[in-house]
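Remarks on the structure that follows.
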Amino acid sequence: MSSLLNLLLRSLNPDAGSMRQPPSLRLLACVALAGVASGFSPVARRPITSPPLPSTATSDDTSTSNALGGVSDFEEWFAANSSSGARVDNLRHALFNSMGRGLQFTSTKSSDLNKVAVVPRKLVLNVPYSDEEDSDSGRSSWDTNLSCKLWEECQKGKGSQYYGYCALLTRGANLQSDATDYPSTAPDALRHWTPEQKARLEGCEKGKKLLEVEREQQKEWRQKYEALSAGEKAKLSYDNFAWAMEAVHSRAFRGDFGALDGGEGGPLRKIASLLLPLSALAFGVIYATDPSMDKYFLPLAVVAASPVVLTIIADQKGSKEAVMLPLIDSANHLQEADSVIEYDPSVDGFVLSLGRKCLVKEVDGAGERAQVCISYGVRKDSELLLNYGFLRGVSMEGLSEEEGDSRDGIRQRLAEAFVSRNQ
């Protein structure tokens with residue numbers, strides 16, 4: 001792109017060569033420059049990168065019989081927001097023997113891997129976040145704020161603008177007026193293990209350390225709950241809070257999503273993204289149609305460059321957000337997956353594109369299918385087991401229905417794998 005910009009700028013500069021460019025050619029170059037500017041490529045964002053935080057016990061519906069609960073409500077909701085930019089191509093929710101619920105890629109064409117989903121900002125739960133501890137400032141932490149916000153939206157039922165996403169997380173329980181507890185979003189995370197199941201991890205030092213981290217996590221989450229105001233605690237019990245914290249820590253992404261409303265740099269970056277193509281085009285039109293404006297070339301160039309300056313300031317101020325991305329966060333994890341999740345200001349939404357390494361071949365009773373995986377980033381076994389409840393290479397395949405419903409079979413596999421890898 002830099003070479004193209006240089007070429008366009010040379011066509012605008014009267015000193016670039018011995019002959020002055022005709023106005024028509026210069027106008028064409030300006031229009032092209034505006035087009036390049038409007039195509040500002042978004043920056044790929046990353047999942048949560050901070051160390052695992054604490055946990056606790058929550059009500060736990062471990063039955064696999066309702067694994068696709070809430071999917072139809074989610075699909076209805078997502079389709080209803082197509083006018084806001086919601087789009088999904090060649091993806092659908094499905095059950096897999098190896099990893100449970102996930103996303104299936106329904107096309108056989110590699111050309112269909114690009115931009116398989118667009119999630120408009122309107123459908124994204126988000127809060128500002130800081131890498132610094134918030135205890136000294138008296139403010140709640142980002143995960144507390146996002147958890148309280150998620151629970152509040154789930155309690156609104158179909159009155160929430162996020163009701164379809166909440167239905168996916170709660171397996172449809174948010175749409176039941178009498179529901180007071182929701183099924184776990186990470187049923188095999190360490191916090192849900194029985195004392196007997198946890199004891200299997202004591203076969204190695206790292207297992208003992210992980211159990212200590214899990215106890216500290218429970219303590220920290222309890223402290224965050226107790227720090228809530230009386231009014232906030234009246235809206236949710238500690239178990240409700242822990243359910244929401246689990247969903248946040250297993251699904252939220254954090255990054256510098258510049259054009260989001262929150263954060264110091266957000267408004268500046270949004271203004272810049274809107275002004276950049278307009279200022280470039282205006283500068284070009286004035287300069288190309290009025291040859292006498294040569295002496296004003298530098299001042300006009302400064303004006304045209306103002307959006308870039310705003311963007312630089314926004315970068316320095318930052319606009320850090322923690323976000324929950326409907327549909328995108330339904331994909332299971334594969335560390336080597338070459339997925340790309342971007343915030344695209346031109347559509348004011350998050351875009352998911354896949355690579356070939358994102359597709360995992362699954363063969364089961366439903367035939368041969370391609371499961372879609374995305375990368376959560378580099379994750380240690382301890383973090384995966386603590387906050388997500390799975391390990392690389394450990395599958396649920398071959399478990400009896402009774403073992404699957406009780407979760408003991410898969411937790412035994414997880415414990416044995418963890419100990420063998422971390423001796």
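Labels for the structure tokens follow display order: chains A, B, ..., residues from 1 in each chain, ligands from 1.
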
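Close contacts of A:Lys361, defined as residues with an atom at most 8 Å away when counting only C-alpha atoms, with chain neighbours fewer than 4 positions off set aside, comprise Glu368, Arg369, Ala370 and Gln371 of chain A.
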
Resulting file, chosen residues, N, CA, C and O atoms, as an mmCIF file, in the first residue's frame:
```
data_model
loop_
_atom_site.group_PDB
_atom_site.id
_atom_site.type_symbol
_atom_site.label_atom_id
_atom_site.label_comp_id
_atom_site.auth_asym_id
_atom_site.auth_seq_id
_atom_site.Cartn_x
_atom_site.Cartn_y
_atom_site.Cartn_z
ATOM 1 N N GLU A 368 -18.791 -36.908 7.668
ATOM 2 C CA GLU A 368 -17.549 -36.126 7.691
ATOM 3 C C GLU A 368 -17.884 -34.646 7.629
ATOM 4 O O GLU A 368 -18.581 -34.187 6.726
ATOM 5 N N ARG A 369 -17.377 -33.918 8.606
ATOM 6 C CA ARG A 369 -17.661 -32.482 8.690
ATOM 7 C C ARG A 369 -16.385 -31.721 9.031
ATOM 8 O O ARG A 369 -15.391 -32.310 9.473
ATOM 9 N N ALA A 370 -16.437 -30.412 8.824
ATOM 10 C CA ALA A 370 -15.298 -29.541 9.149
ATOM 11 C C ALA A 370 -15.685 -28.649 10.318
ATOM 12 O O ALA A 370 -16.580 -27.810 10.203
ATOM 13 N N GLN A 371 -15.011 -28.874 11.458
ATOM 14 C CA GLN A 371 -15.248 -27.992 12.602
ATOM 15 C C GLN A 371 -14.359 -26.759 12.489
ATOM 16 O O GLN A 371 -13.187 -26.859 12.122
#
```

*Which residue out of A:Lys219, A:Arg392, A:Arg411, A:Lys122 has the minimum interatomic distance to A:Thr194 when only C-alpha atoms are used?*
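That would be A:Arg411, the residue with the smallest distance to A:Thr194.
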
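The spacing separating atom CA of A:Arg413 from atom CA of A:Arg379 amounts to 18.8 Å.
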
*Can you pull out every residue within 6 Å of stretch 197-211 of chain A, counting only C-alpha atoms, but drop anything in the same chain fewer than 5 positions away, and send it as a VMD selection string?*
chain A and resid 415 419 423

Identify, on the basis of only C-alpha atoms, every residue whose closest approach to stretch 100-107 of chain A does not exceed 6 Å; exclude the query and any residue fewer than 3 positions from it along the same chain; express the result as an mmCIF file with C-alpha atoms, in the first residue's frame.
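Just written: selection24.cif:
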```
data_model
loop_
_atom_site.group_PDB
_atom_site.id
_atom_site.type_symbol
_atom_site.label_atom_id
_atom_site.label_comp_id
_atom_site.auth_asym_id
_atom_site.auth_seq_id
_atom_site.Cartn_x
_atom_site.Cartn_y
_atom_site.Cartn_z
ATOM 1 C CA ASN A 90 -21.199 -20.971 5.626
ATOM 2 C CA LEU A 91 -21.198 -21.324 9.425
ATOM 3 C CA ARG A 92 -23.647 -23.013 11.759
ATOM 4 C CA HIS A 93 -23.700 -24.349 15.303
ATOM 5 C CA ALA A 94 -23.254 -28.096 15.609
ATOM 6 C CA LEU A 95 -22.353 -30.860 18.075
ATOM 7 C CA PHE A 96 -19.047 -32.707 17.747
ATOM 8 C CA ASN A 97 -18.004 -35.872 19.535
ATOM 9 C CA SER A 330 -18.758 -20.120 19.728
ATOM 10 C CA ALA A 331 -15.703 -21.492 17.914
ATOM 11 C CA ASN A 332 -13.509 -23.891 19.885
ATOM 12 C CA ALA A 370 -15.298 -29.541 9.149
ATOM 13 C CA GLN A 371 -15.248 -27.992 12.602
ATOM 14 C CA VAL A 372 -14.187 -24.343 12.773
#
```

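Residues within 7 Å of A:Thr144, counting only C-alpha atoms and excluding same-chain residues fewer than 4 positions away, are Ser140, Cys148 and Lys224 of chain A.
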
_Option closest in space to A:Phe350, from A:Val124, A:Ser160, A:Ser130, A:Met245 [counting only C-alpha atoms]_ =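 Of A:Val124, A:Ser160, A:Ser130, A:Met245, the one nearest A:Phe350, counting only C-alpha atoms, is A:Val124.
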
*Counting only C-alpha atoms, figure out which residue out of A:Lys156, A:Val118, A:Thr108, A:Glu397 gets nearest to A:Val363.*
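Residue with the minimum atom-to-atom distance to A:Val363: A:Glu397.
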